[in-house]
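Asks: One structure is given below, represented as structure tokens, and several questions about it will come after.
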Amino acid sequence: MNPIDPKHYSKILIRGTNWVGDAVMSIPALREIRRIFGHARISLLVRSWVKDVYAKAEFVDRVLEFDNYGRHAGWSGRRRLADELQSEGFELAILLQNAFEAALITWRARIPRRLGYARDARSLLLTDACRIEPEVRKVHQAFYYLGILYGARLLPTPPWEVTDYPLSARIGVTETDRDSARAMMRAGGAKHGQLVIALNPGASYGGAKRWLTDRYAVVANELTRRYEAHVILVGAAAESGLAHEIARQMSPPPAILTGKTTLGQLMGVLVLSSLLVTNDSGPMHLAAALDVPQVAIFGSTSETATGPLSDRAEIVKHPVDCNPCFLRECPIDFRCMTGLTTDMVVLAAVKKLEGSDRRFEG
């Protein structure tokens, strides 16, 4: 197969990643695709729950929804999706998602060139199957997606070998979502000019990524006392129990928006907040991409691999011999999180808040 010559492709499909954090970490690769194929019309296919990440993205021309629980559900839905894609006349598909299904759908859609990693038994479905460079496993996950472009010789040099490679993941929020978030925050008690602190105590991967709820409450109470701040709890609906557990230990009580926002509204809440205190999670990556100051708490995972792509983030962790283990649940004594004190997190939060002029614009 001949190398991919960018000037020969005018209609490109990118199969995006399925989860919010991965969606943000793939943005540097999306920006490179936009740069490389500057004249092309680029469409991005993603699941419905991550499409708001790209609502203001200038690096794609269109976002297509993979309606996994609706019109594209099951094998008949996958065939329908492939038929829809075939009718678009795409000339090249770039698969940032790893799954066999992603390759199968683009193969069935008869897209002539199909680029992605040679993994998950899908090599025969790809016209351009590239290997995963061993060095990619040792650097930030954003380079994993960029590695696909290097593997296809669309980048001349391994990005991870470039000093200060610009891992830009910056995104924006629609005015509709910002206005909706503002109204929700006002209804929850936030006042114009007030310092607002958002807490994200959840993490979908598992309990090993979650700092203790009682310590979140202590931090929130201390920051409220110091700054007369308004605290808002955010996260997915499945994490509402964590939010209420923290709220019961707080005085004054916080506003609980956990499970009550769309992804776009959550992005609006983050943009309107002064600080996010969070575990390694989707909201952590969103805050980084939205240029929101944050304190990011790491336990079982590695900030080298999945840390926030932002110079406004303060990483807090308690180093232990078994970190990173990448387990969903700790099989021993949870020492990486129990050893991380409230004073450490408060100190990091104060560092981000002192001198900050970010106040709620209500």
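Chain identifiers are assigned as A, B, and so on, following the order in which chains appear in the structure tokens; residues are numbered from 1 within each chain, and ligands are numbered from 1 in order of appearance.
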Could you tell me, as a list in words, which residues of stretch 165-308 of chain A DSSP assigns to strand (DSSP E or B) when given the backbone?

Replies: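 Here is the list: Val196, Ile197, Ala198, Leu199, Asn200, His230, Val231, Ile232, Leu233, Ala255, Ile256, Leu275, Leu276, Val277, Thr278, Asn279, Gln294, Val295, Ala296, Ile297 and Phe298 of chain A.
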
Asks: For the residues in the current selection, export N, CA and C atoms as a PDB file, in the first residue's frame.

Replies:
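Saved to out.pdb:
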ATOM      1  N   VAL A 196     -16.228  30.220  43.659  1.00  0.00           N
ATOM      2  CA  VAL A 196     -16.960  28.954  43.572  1.00  0.00           C
ATOM      3  C   VAL A 196     -15.967  27.806  43.406  1.00  0.00           C
ATOM      4  N   ILE A 197     -16.107  26.802  44.255  1.00  0.00           N
ATOM      5  CA  ILE A 197     -15.232  25.639  44.198  1.00  0.00           C
ATOM      6  C   ILE A 197     -16.074  24.416  43.833  1.00  0.00           C
ATOM      7  N   ALA A 198     -15.708  23.757  42.754  1.00  0.00           N
ATOM      8  CA  ALA A 198     -16.385  22.530  42.336  1.00  0.00           C
ATOM      9  C   ALA A 198     -15.600  21.333  42.855  1.00  0.00           C
ATOM     10  N   LEU A 199     -16.331  20.356  43.374  1.00  0.00           N
ATOM     11  CA  LEU A 199     -15.715  19.107  43.831  1.00  0.00           C
ATOM     12  C   LEU A 199     -16.210  17.961  42.958  1.00  0.00           C
ATOM     13  N   ASN A 200     -15.279  17.134  42.515  1.00  0.00           N
ATOM     14  CA  ASN A 200     -15.642  15.929  41.757  1.00  0.00           C
ATOM     15  C   ASN A 200     -15.062  14.713  42.487  1.00  0.00           C
ATOM     16  N   HIS A 230     -18.492  29.273  47.737  1.00  0.00           N
ATOM     17  CA  HIS A 230     -19.669  28.445  47.484  1.00  0.00           C
ATOM     18  C   HIS A 230     -19.176  27.143  46.863  1.00  0.00           C
ATOM     19  N   VAL A 231     -19.609  26.016  47.401  1.00  0.00           N
ATOM     20  CA  VAL A 231     -19.143  24.710  46.941  1.00  0.00           C
ATOM     21  C   VAL A 231     -20.239  24.016  46.147  1.00  0.00           C
ATOM     22  N   ILE A 232     -19.833  23.440  45.013  1.00  0.00           N
ATOM     23  CA  ILE A 232     -20.744  22.696  44.151  1.00  0.00           C
ATOM     24  C   ILE A 232     -20.163  21.309  43.927  1.00  0.00           C
ATOM     25  N   LEU A 233     -20.985  20.293  44.109  1.00  0.00           N
ATOM     26  CA  LEU A 233     -20.580  18.923  43.847  1.00  0.00           C
ATOM     27  C   LEU A 233     -21.042  18.523  42.456  1.00  0.00           C
ATOM     28  N   ALA A 255     -24.154  22.947  47.038  1.00  0.00           N
ATOM     29  CA  ALA A 255     -25.129  22.657  45.991  1.00  0.00           C
ATOM     30  C   ALA A 255     -24.724  21.329  45.352  1.00  0.00           C
ATOM     31  N   ILE A 256     -25.691  20.452  45.138  1.00  0.00           N
ATOM     32  CA  ILE A 256     -25.412  19.149  44.539  1.00  0.00           C
ATOM     33  C   ILE A 256     -25.949  19.131  43.111  1.00  0.00           C
ATOM     34  N   LEU A 275     -12.267  26.993  40.874  1.00  0.00           N
ATOM     35  CA  LEU A 275     -11.340  25.881  41.095  1.00  0.00           C
ATOM     36  C   LEU A 275     -12.114  24.576  41.072  1.00  0.00           C
ATOM     37  N   LEU A 276     -11.484  23.526  40.544  1.00  0.00           N
ATOM     38  CA  LEU A 276     -12.010  22.174  40.643  1.00  0.00           C
ATOM     39  C   LEU A 276     -11.056  21.342  41.478  1.00  0.00           C
ATOM     40  N   VAL A 277     -11.604  20.636  42.468  1.00  0.00           N
ATOM     41  CA  VAL A 277     -10.841  19.636  43.214  1.00  0.00           C
ATOM     42  C   VAL A 277     -11.388  18.282  42.785  1.00  0.00           C
ATOM     43  N   THR A 278     -10.524  17.409  42.269  1.00  0.00           N
ATOM     44  CA  THR A 278     -11.014  16.240  41.547  1.00  0.00           C
ATOM     45  C   THR A 278     -10.084  15.046  41.642  1.00  0.00           C
ATOM     46  N   ASN A 279     -10.649  13.874  41.448  1.00  0.00           N
ATOM     47  CA  ASN A 279      -9.852  12.674  41.236  1.00  0.00           C
ATOM     48  C   ASN A 279      -9.454  12.612  39.765  1.00  0.00           C
ATOM     49  N   GLN A 294      -7.179  23.693  38.767  1.00  0.00           N
ATOM     50  CA  GLN A 294      -7.655  22.488  39.438  1.00  0.00           C
ATOM     51  C   GLN A 294      -6.587  21.899  40.339  1.00  0.00           C
ATOM     52  N   VAL A 295      -7.061  21.132  41.313  1.00  0.00           N
ATOM     53  CA  VAL A 295      -6.216  20.270  42.123  1.00  0.00           C
ATOM     54  C   VAL A 295      -6.616  18.850  41.754  1.00  0.00           C
ATOM     55  N   ALA A 296      -5.673  18.088  41.185  1.00  0.00           N
ATOM     56  CA  ALA A 296      -5.951  16.736  40.704  1.00  0.00           C
ATOM     57  C   ALA A 296      -5.307  15.721  41.634  1.00  0.00           C
ATOM     58  N   ILE A 297      -6.137  14.860  42.207  1.00  0.00           N
ATOM     59  CA  ILE A 297      -5.695  13.873  43.191  1.00  0.00           C
ATOM     60  C   ILE A 297      -5.459  12.534  42.499  1.00  0.00           C
ATOM     61  N   PHE A 298      -4.257  11.990  42.643  1.00  0.00           N
ATOM     62  CA  PHE A 298      -3.913  10.721  42.011  1.00  0.00           C
ATOM     63  C   PHE A 298      -3.617   9.663  43.057  1.00  0.00           C
TER      64      PHE A 298
END

Asks: Set the distance at 12 Å and use only C-alpha atoms: which residues neighbour A:Arg328 once local chain neighbours fewer than 6 positions away are removed? I'd like the list as a list in words.

Replies: Ala203, Ser204, Tyr205, Gly206, Gly207, Ala208, Lys209, Arg210, Gly299, Ser300, Thr301 and Phe334 of chain A

Asks: With only C-alpha atoms as the counted atoms, please give the residues lying no more than 10 Å from stretch 47-57 of chain A, apart from itself and same-chain residues fewer than 4 positions off, as a VMD selection string.

Replies: chain A and resid 15 to 24 27 30 to 31 61 to 69 170 to 175 177 262 to 267 286 289

Asks: Take the residues from that selection and write them out as a compact mmCIF listing (two decimals), in the first residue's frame, keeping N, CA and C atoms.

Replies:
# COMPACT_ATOMS: atom_id res chain seq x y z
N ARG A 15 -12.94 8.05 13.65
CA ARG A 15 -13.71 7.38 14.71
C ARG A 15 -13.09 7.77 16.03
N GLY A 16 -13.83 8.58 16.80
CA GLY A 16 -13.31 9.10 18.06
C GLY A 16 -13.39 8.08 19.17
N THR A 17 -12.86 8.44 20.31
CA THR A 17 -12.84 7.56 21.48
C THR A 17 -14.17 7.62 22.23
N ASN A 18 -14.37 6.65 23.13
CA ASN A 18 -15.68 6.47 23.75
C ASN A 18 -15.87 7.16 25.08
N TRP A 19 -14.81 7.58 25.74
CA TRP A 19 -14.94 8.11 27.10
C TRP A 19 -14.41 9.54 27.16
N VAL A 20 -14.93 10.29 28.11
CA VAL A 20 -14.64 11.73 28.16
C VAL A 20 -13.15 12.01 28.30
N GLY A 21 -12.50 11.34 29.23
CA GLY A 21 -11.06 11.58 29.41
C GLY A 21 -10.27 11.26 28.16
N ASP A 22 -10.58 10.12 27.54
CA ASP A 22 -9.90 9.74 26.30
C ASP A 22 -10.20 10.74 25.19
N ALA A 23 -11.45 11.24 25.15
CA ALA A 23 -11.82 12.22 24.14
C ALA A 23 -10.94 13.46 24.23
N VAL A 24 -10.69 13.92 25.46
CA VAL A 24 -9.83 15.10 25.64
C VAL A 24 -8.39 14.77 25.28
N ILE A 27 -7.41 14.96 21.61
CA ILE A 27 -7.52 16.24 20.90
C ILE A 27 -6.21 16.66 20.23
N LEU A 30 -6.27 15.03 16.98
CA LEU A 30 -7.28 15.64 16.11
C LEU A 30 -6.77 16.95 15.52
N ARG A 31 -6.07 17.73 16.32
CA ARG A 31 -5.51 18.98 15.81
C ARG A 31 -4.44 18.72 14.74
N ASP A 61 -15.05 19.51 11.07
CA ASP A 61 -16.13 20.23 10.40
C ASP A 61 -17.51 19.78 10.86
N ARG A 62 -17.58 18.54 11.34
CA ARG A 62 -18.88 18.00 11.70
C ARG A 62 -18.70 16.88 12.71
N VAL A 63 -19.63 16.77 13.66
CA VAL A 63 -19.64 15.67 14.62
C VAL A 63 -20.84 14.79 14.33
N LEU A 64 -20.58 13.51 14.06
CA LEU A 64 -21.62 12.53 13.80
C LEU A 64 -21.85 11.70 15.06
N GLU A 65 -23.12 11.41 15.36
CA GLU A 65 -23.44 10.69 16.59
C GLU A 65 -23.62 9.20 16.31
N PHE A 66 -22.89 8.40 17.05
CA PHE A 66 -23.05 6.95 17.05
C PHE A 66 -24.08 6.65 18.13
N ASP A 67 -25.33 6.48 17.72
CA ASP A 67 -26.45 6.33 18.65
C ASP A 67 -26.53 4.88 19.11
N ASN A 68 -25.68 4.53 20.06
CA ASN A 68 -25.49 3.15 20.48
C ASN A 68 -26.74 2.51 21.08
N TYR A 69 -27.61 3.32 21.69
CA TYR A 69 -28.81 2.77 22.33
C TYR A 69 -30.08 3.06 21.54
N ARG A 170 -7.18 22.31 24.13
CA ARG A 170 -8.12 23.38 24.47
C ARG A 170 -9.43 23.25 23.69
N ILE A 171 -10.53 23.38 24.41
CA ILE A 171 -11.87 23.34 23.82
C ILE A 171 -12.68 24.49 24.40
N GLY A 172 -13.91 24.63 23.96
CA GLY A 172 -14.79 25.69 24.44
C GLY A 172 -16.15 25.15 24.85
N VAL A 173 -16.99 26.04 25.33
CA VAL A 173 -18.34 25.70 25.78
C VAL A 173 -19.33 26.56 24.99
N THR A 174 -20.45 25.98 24.59
CA THR A 174 -21.44 26.76 23.87
C THR A 174 -22.09 27.77 24.82
N GLU A 175 -22.56 28.87 24.28
CA GLU A 175 -23.24 29.88 25.10
C GLU A 175 -24.49 29.31 25.76
N ASP A 177 -24.97 26.19 26.81
CA ASP A 177 -24.58 25.40 27.97
C ASP A 177 -24.03 26.29 29.09
N THR A 262 -26.13 17.84 31.88
CA THR A 262 -25.59 17.20 30.68
C THR A 262 -24.08 17.41 30.70
N LEU A 263 -23.38 16.76 29.79
CA LEU A 263 -21.94 16.98 29.72
C LEU A 263 -21.63 18.43 29.38
N GLY A 264 -22.40 19.01 28.46
CA GLY A 264 -22.19 20.41 28.11
C GLY A 264 -22.43 21.34 29.28
N GLN A 265 -23.48 21.07 30.06
CA GLN A 265 -23.76 21.89 31.25
C GLN A 265 -22.66 21.74 32.29
N LEU A 266 -22.13 20.52 32.45
CA LEU A 266 -21.01 20.31 33.35
C LEU A 266 -19.81 21.15 32.91
N MET A 267 -19.55 21.19 31.62
CA MET A 267 -18.47 22.02 31.11
C MET A 267 -18.72 23.49 31.43
N LEU A 286 -11.63 17.51 31.40
CA LEU A 286 -12.42 18.62 30.87
C LEU A 286 -11.92 19.95 31.43
N ALA A 289 -8.84 21.01 29.67
CA ALA A 289 -9.10 21.48 28.31
C ALA A 289 -9.82 22.82 28.30

Asks: Identify, with DSSP run on backbone atoms, the residues in stretch 80-207 of chain A assigned to helix (DSSP H, G or I), and express the list as a ChimeraX atom specification.

Replies: /A:80-88,100-108,123-125,134-138,142-151,159-161,175-187,207

Asks: Which neighbours of A:Ala102 fall inside 12 Å, counting only C-alpha atoms, when residues of the same chain fewer than 4 positions from it are skipped, and could you give them as a short mmCIF file (atom, residue, chain, number, x, y, z; two decimals) with N, CA, C and O atoms, in the first residue's frame?

Replies:
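Output (out18.cif):
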data_model
loop_
_atom_site.label_atom_id
_atom_site.label_comp_id
_atom_site.auth_asym_id
_atom_site.auth_seq_id
_atom_site.Cartn_x
_atom_site.Cartn_y
_atom_site.Cartn_z
N LEU A 13 -13.17 10.54 7.62
CA LEU A 13 -13.92 10.16 8.82
C LEU A 13 -12.93 9.79 9.92
O LEU A 13 -12.02 9.00 9.68
N ILE A 14 -13.12 10.36 11.10
CA ILE A 14 -12.34 9.96 12.28
C ILE A 14 -13.29 9.25 13.25
O ILE A 14 -14.36 9.78 13.58
N ARG A 15 -12.94 8.05 13.65
CA ARG A 15 -13.71 7.38 14.71
C ARG A 15 -13.09 7.77 16.03
O ARG A 15 -11.96 7.41 16.36
N GLY A 16 -13.83 8.58 16.80
CA GLY A 16 -13.31 9.10 18.06
C GLY A 16 -13.39 8.08 19.17
O GLY A 16 -13.95 6.98 19.02
N THR A 17 -12.86 8.44 20.31
CA THR A 17 -12.84 7.56 21.48
C THR A 17 -14.17 7.62 22.23
O THR A 17 -14.99 8.51 22.02
N ASN A 18 -14.37 6.65 23.13
CA ASN A 18 -15.68 6.47 23.75
C ASN A 18 -15.87 7.16 25.08
O ASN A 18 -17.01 7.28 25.54
N LEU A 45 -16.87 10.79 14.25
CA LEU A 45 -17.93 9.89 14.72
C LEU A 45 -17.67 9.50 16.17
O LEU A 45 -16.63 8.90 16.48
N VAL A 46 -18.61 9.84 17.06
CA VAL A 46 -18.45 9.55 18.48
C VAL A 46 -19.77 9.11 19.10
O VAL A 46 -20.85 9.37 18.55
N ARG A 47 -19.67 8.47 20.23
CA ARG A 47 -20.86 8.09 21.00
C ARG A 47 -21.53 9.35 21.54
O ARG A 47 -20.89 10.38 21.76
N PHE A 66 -22.89 8.40 17.05
CA PHE A 66 -23.05 6.95 17.05
C PHE A 66 -24.08 6.65 18.13
O PHE A 66 -23.77 6.60 19.31
N ARG A 78 -25.72 -1.43 13.64
CA ARG A 78 -24.35 -1.25 13.14
C ARG A 78 -24.35 -1.27 11.60
O ARG A 78 -23.63 -0.50 10.97
N LEU A 81 -25.58 2.04 10.47
CA LEU A 81 -24.52 3.05 10.58
C LEU A 81 -23.53 2.92 9.43
O LEU A 81 -23.13 3.93 8.82
N ALA A 82 -23.12 1.69 9.12
CA ALA A 82 -22.18 1.49 8.02
C ALA A 82 -22.78 1.99 6.70
O ALA A 82 -22.07 2.63 5.90
N ALA A 93 -10.57 6.70 6.55
CA ALA A 93 -11.03 6.60 7.94
C ALA A 93 -9.81 6.46 8.84
O ALA A 93 -8.92 5.65 8.58
N ILE A 94 -9.76 7.29 9.89
CA ILE A 94 -8.69 7.23 10.88
C ILE A 94 -9.33 6.80 12.19
O ILE A 94 -10.20 7.49 12.73
N LEU A 95 -8.92 5.65 12.70
CA LEU A 95 -9.57 5.06 13.87
C LEU A 95 -8.75 5.34 15.13
O LEU A 95 -7.71 4.70 15.36
N LEU A 96 -9.20 6.30 15.91
CA LEU A 96 -8.57 6.55 17.20
C LEU A 96 -9.05 5.55 18.24
O LEU A 96 -8.36 5.27 19.21
N GLN A 97 -10.26 5.04 18.04
CA GLN A 97 -10.77 3.99 18.93
C GLN A 97 -10.12 2.66 18.58
O GLN A 97 -9.85 2.36 17.41
N ASN A 98 -9.88 1.84 19.58
CA ASN A 98 -9.12 0.61 19.38
C ASN A 98 -9.95 -0.59 18.95
O ASN A 98 -9.41 -1.58 18.47
N THR A 106 -16.16 0.54 9.46
CA THR A 106 -15.59 1.31 8.35
C THR A 106 -15.27 0.42 7.15
O THR A 106 -15.33 0.87 6.00
N TRP A 107 -14.94 -0.85 7.41
CA TRP A 107 -14.75 -1.80 6.30
C TRP A 107 -16.07 -2.05 5.59
O TRP A 107 -16.14 -2.01 4.36
N ARG A 108 -17.12 -2.26 6.38
CA ARG A 108 -18.44 -2.50 5.78
C ARG A 108 -18.93 -1.24 5.04
O ARG A 108 -19.69 -1.34 4.06
N ALA A 109 -18.52 -0.06 5.52
CA ALA A 109 -18.91 1.19 4.86
C ALA A 109 -18.12 1.42 3.56
O ALA A 109 -18.34 2.43 2.89
N ARG A 114 -8.25 2.77 5.46
CA ARG A 114 -8.66 2.64 6.86
C ARG A 114 -7.40 2.49 7.71
O ARG A 114 -6.70 1.49 7.63
N LEU A 115 -7.14 3.53 8.52
CA LEU A 115 -5.90 3.61 9.29
C LEU A 115 -6.19 3.43 10.77
O LEU A 115 -7.11 4.05 11.32
N GLY A 116 -5.39 2.60 11.42
CA GLY A 116 -5.51 2.43 12.87
C GLY A 116 -4.45 1.49 13.39
O GLY A 116 -3.65 0.93 12.61
N TYR A 117 -4.43 1.30 14.69
CA TYR A 117 -3.46 0.38 15.29
C TYR A 117 -3.81 -1.07 14.96
O TYR A 117 -4.98 -1.46 14.93
N ARG A 119 -4.33 -4.03 16.31
CA ARG A 119 -4.64 -4.67 17.59
C ARG A 119 -6.08 -5.15 17.58
O ARG A 119 -6.84 -4.86 16.65
N ASP A 120 -6.45 -5.91 18.58
CA ASP A 120 -7.80 -6.44 18.71
C ASP A 120 -8.24 -7.23 17.47
O ASP A 120 -9.41 -7.18 17.06
N ALA A 121 -7.30 -7.96 16.87
CA ALA A 121 -7.58 -8.87 15.75
C ALA A 121 -8.23 -8.19 14.56
O ALA A 121 -9.01 -8.79 13.83
N ARG A 122 -7.89 -6.94 14.32
CA ARG A 122 -8.56 -6.20 13.25
C ARG A 122 -7.65 -5.83 12.08
O ARG A 122 -8.07 -5.12 11.18
N SER A 123 -6.43 -6.34 12.07
CA SER A 123 -5.47 -5.93 11.05
C SER A 123 -5.97 -6.16 9.64
O SER A 123 -5.74 -5.35 8.74
N LEU A 125 -8.85 -5.95 8.50
CA LEU A 125 -9.89 -5.01 8.12
C LEU A 125 -9.34 -3.61 7.83
O LEU A 125 -10.07 -2.74 7.38
N LEU A 126 -8.06 -3.41 8.12
CA LEU A 126 -7.42 -2.12 7.92
C LEU A 126 -6.53 -2.17 6.69
O LEU A 126 -5.84 -3.16 6.45
#

Asks: I'd like the contact shell of A:Ser240 - 10 Å cut-off, only C-alpha atoms, skipping same-chain residues fewer than 5 positions apart - returned as a short mmCIF file (atom, residue, chain, number, x, y, z; two decimals) with N, CA, C and O atoms, in the first residue's frame.

Replies:
data_model
loop_
_atom_site.label_atom_id
_atom_site.label_comp_id
_atom_site.auth_asym_id
_atom_site.auth_seq_id
_atom_site.Cartn_x
_atom_site.Cartn_y
_atom_site.Cartn_z
N PRO A 201 -15.82 14.12 43.43
CA PRO A 201 -15.28 13.04 44.25
C PRO A 201 -15.36 11.66 43.61
O PRO A 201 -14.93 10.68 44.20
N GLY A 202 -15.93 11.57 42.40
CA GLY A 202 -16.10 10.28 41.76
C GLY A 202 -15.00 9.98 40.77
O GLY A 202 -14.09 10.77 40.53
N LEU A 233 -20.99 20.29 44.11
CA LEU A 233 -20.58 18.92 43.85
C LEU A 233 -21.04 18.52 42.46
O LEU A 233 -22.20 18.74 42.09
N VAL A 234 -20.14 17.94 41.67
CA VAL A 234 -20.45 17.55 40.30
C VAL A 234 -20.06 16.09 40.08
O VAL A 234 -19.30 15.51 40.86
N GLY A 235 -20.57 15.54 39.00
CA GLY A 235 -20.23 14.16 38.66
C GLY A 235 -21.39 13.46 37.99
O GLY A 235 -22.43 14.06 37.69
N GLU A 245 -23.07 11.93 50.63
CA GLU A 245 -22.26 11.57 51.79
C GLU A 245 -21.36 12.74 52.19
O GLU A 245 -21.19 13.04 53.38
N ILE A 246 -20.78 13.41 51.21
CA ILE A 246 -19.94 14.58 51.49
C ILE A 246 -20.80 15.73 52.00
O ILE A 246 -20.45 16.42 52.97
N ILE A 256 -25.69 20.45 45.14
CA ILE A 256 -25.41 19.15 44.54
C ILE A 256 -25.95 19.13 43.11
O ILE A 256 -27.16 19.11 42.88
N LEU A 257 -25.03 19.16 42.15
CA LEU A 257 -25.40 19.05 40.74
C LEU A 257 -24.99 17.70 40.17
O LEU A 257 -25.10 17.47 38.96
N THR A 258 -24.53 16.80 41.02
CA THR A 258 -24.13 15.47 40.60
C THR A 258 -25.30 14.76 39.93
O THR A 258 -26.37 14.62 40.52
N GLY A 259 -25.10 14.33 38.71
CA GLY A 259 -26.13 13.62 37.98
C GLY A 259 -27.24 14.48 37.43
O GLY A 259 -28.20 13.97 36.85
N LYS A 260 -27.13 15.80 37.58
CA LYS A 260 -28.20 16.70 37.15
C LYS A 260 -27.84 17.53 35.93
O LYS A 260 -28.64 18.33 35.47
#

Asks: Leaving out A:Tyr165 and any residue of its chain fewer than 6 positions from it, which residues lie within 10 Å of it when counting only C-alpha atoms, given as a ChimeraX atom specification?

Replies: /A:28,143,159

Asks: Excluding A:Ala305 and residues on its chain fewer than 6 positions from it, collect all residues at most 9 Å away from it, counting only C-alpha atoms, and give them as a list in words.

Replies: Arg137, Lys138, Val139, His140, Gln141 and Ala142 of chain A

Asks: Export, as a PDB file, in the first residue's frame, the selected residues with N, CA, C and O atoms.

Replies:
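Final output, saved to out_10.pdb:
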ATOM      1  N   ARG A 137       4.166   3.564  25.417  1.00  0.00           N
ATOM      2  CA  ARG A 137       3.687   3.048  26.706  1.00  0.00           C
ATOM      3  C   ARG A 137       4.299   3.784  27.898  1.00  0.00           C
ATOM      4  O   ARG A 137       3.835   3.633  29.033  1.00  0.00           O
ATOM      5  N   LYS A 138       5.349   4.579  27.651  1.00  0.00           N
ATOM      6  CA  LYS A 138       6.075   5.212  28.744  1.00  0.00           C
ATOM      7  C   LYS A 138       5.768   6.704  28.877  1.00  0.00           C
ATOM      8  O   LYS A 138       6.315   7.357  29.759  1.00  0.00           O
ATOM      9  N   VAL A 139       4.937   7.232  27.992  1.00  0.00           N
ATOM     10  CA  VAL A 139       4.669   8.669  27.991  1.00  0.00           C
ATOM     11  C   VAL A 139       3.169   8.920  28.134  1.00  0.00           C
ATOM     12  O   VAL A 139       2.387   7.992  28.352  1.00  0.00           O
ATOM     13  N   HIS A 140       2.773  10.168  28.009  1.00  0.00           N
ATOM     14  CA  HIS A 140       1.364  10.518  28.197  1.00  0.00           C
ATOM     15  C   HIS A 140       0.498   9.857  27.126  1.00  0.00           C
ATOM     16  O   HIS A 140       0.907   9.682  25.976  1.00  0.00           O
ATOM     17  N   GLN A 141      -0.720   9.508  27.514  1.00  0.00           N
ATOM     18  CA  GLN A 141      -1.623   8.806  26.610  1.00  0.00           C
ATOM     19  C   GLN A 141      -1.942   9.616  25.351  1.00  0.00           C
ATOM     20  O   GLN A 141      -2.284   9.041  24.314  1.00  0.00           O
ATOM     21  N   ALA A 142      -1.841  10.922  25.421  1.00  0.00           N
ATOM     22  CA  ALA A 142      -2.063  11.739  24.219  1.00  0.00           C
ATOM     23  C   ALA A 142      -1.138  11.310  23.089  1.00  0.00           C
ATOM     24  O   ALA A 142      -1.513  11.367  21.905  1.00  0.00           O
TER      25      ALA A 142
END

Asks: I'd like the interatomic distance between atom CA of A:Asp357 and atom CA of A:Ala183, to a tenth of an Å.

Replies: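 Here the two named atoms are 21.1 Å from each other.
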
Asks: When you count only C-alpha atoms, which of these residues is closest to A:Val271: A:Met185, A:Glu88, A:Lys317, A:Ser76?

Replies: A:Met185

Asks: Please indicate the distance in Å from atom CA of A:Glu58 to atom CA of A:Ile42, rounded to one decimal place.

Replies: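 Atom CA of A:Ile42 lies at a distance of 10.6 Å from atom CA of A:Glu58.
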
Asks: Could you tell me which of A:Thr341, A:Gly355, A:Val316, A:Leu155 comes closest to A:Arg35 if we count only C-alpha atoms?

Replies: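 Residue with the minimum atom-to-atom distance to A:Arg35: A:Leu155.
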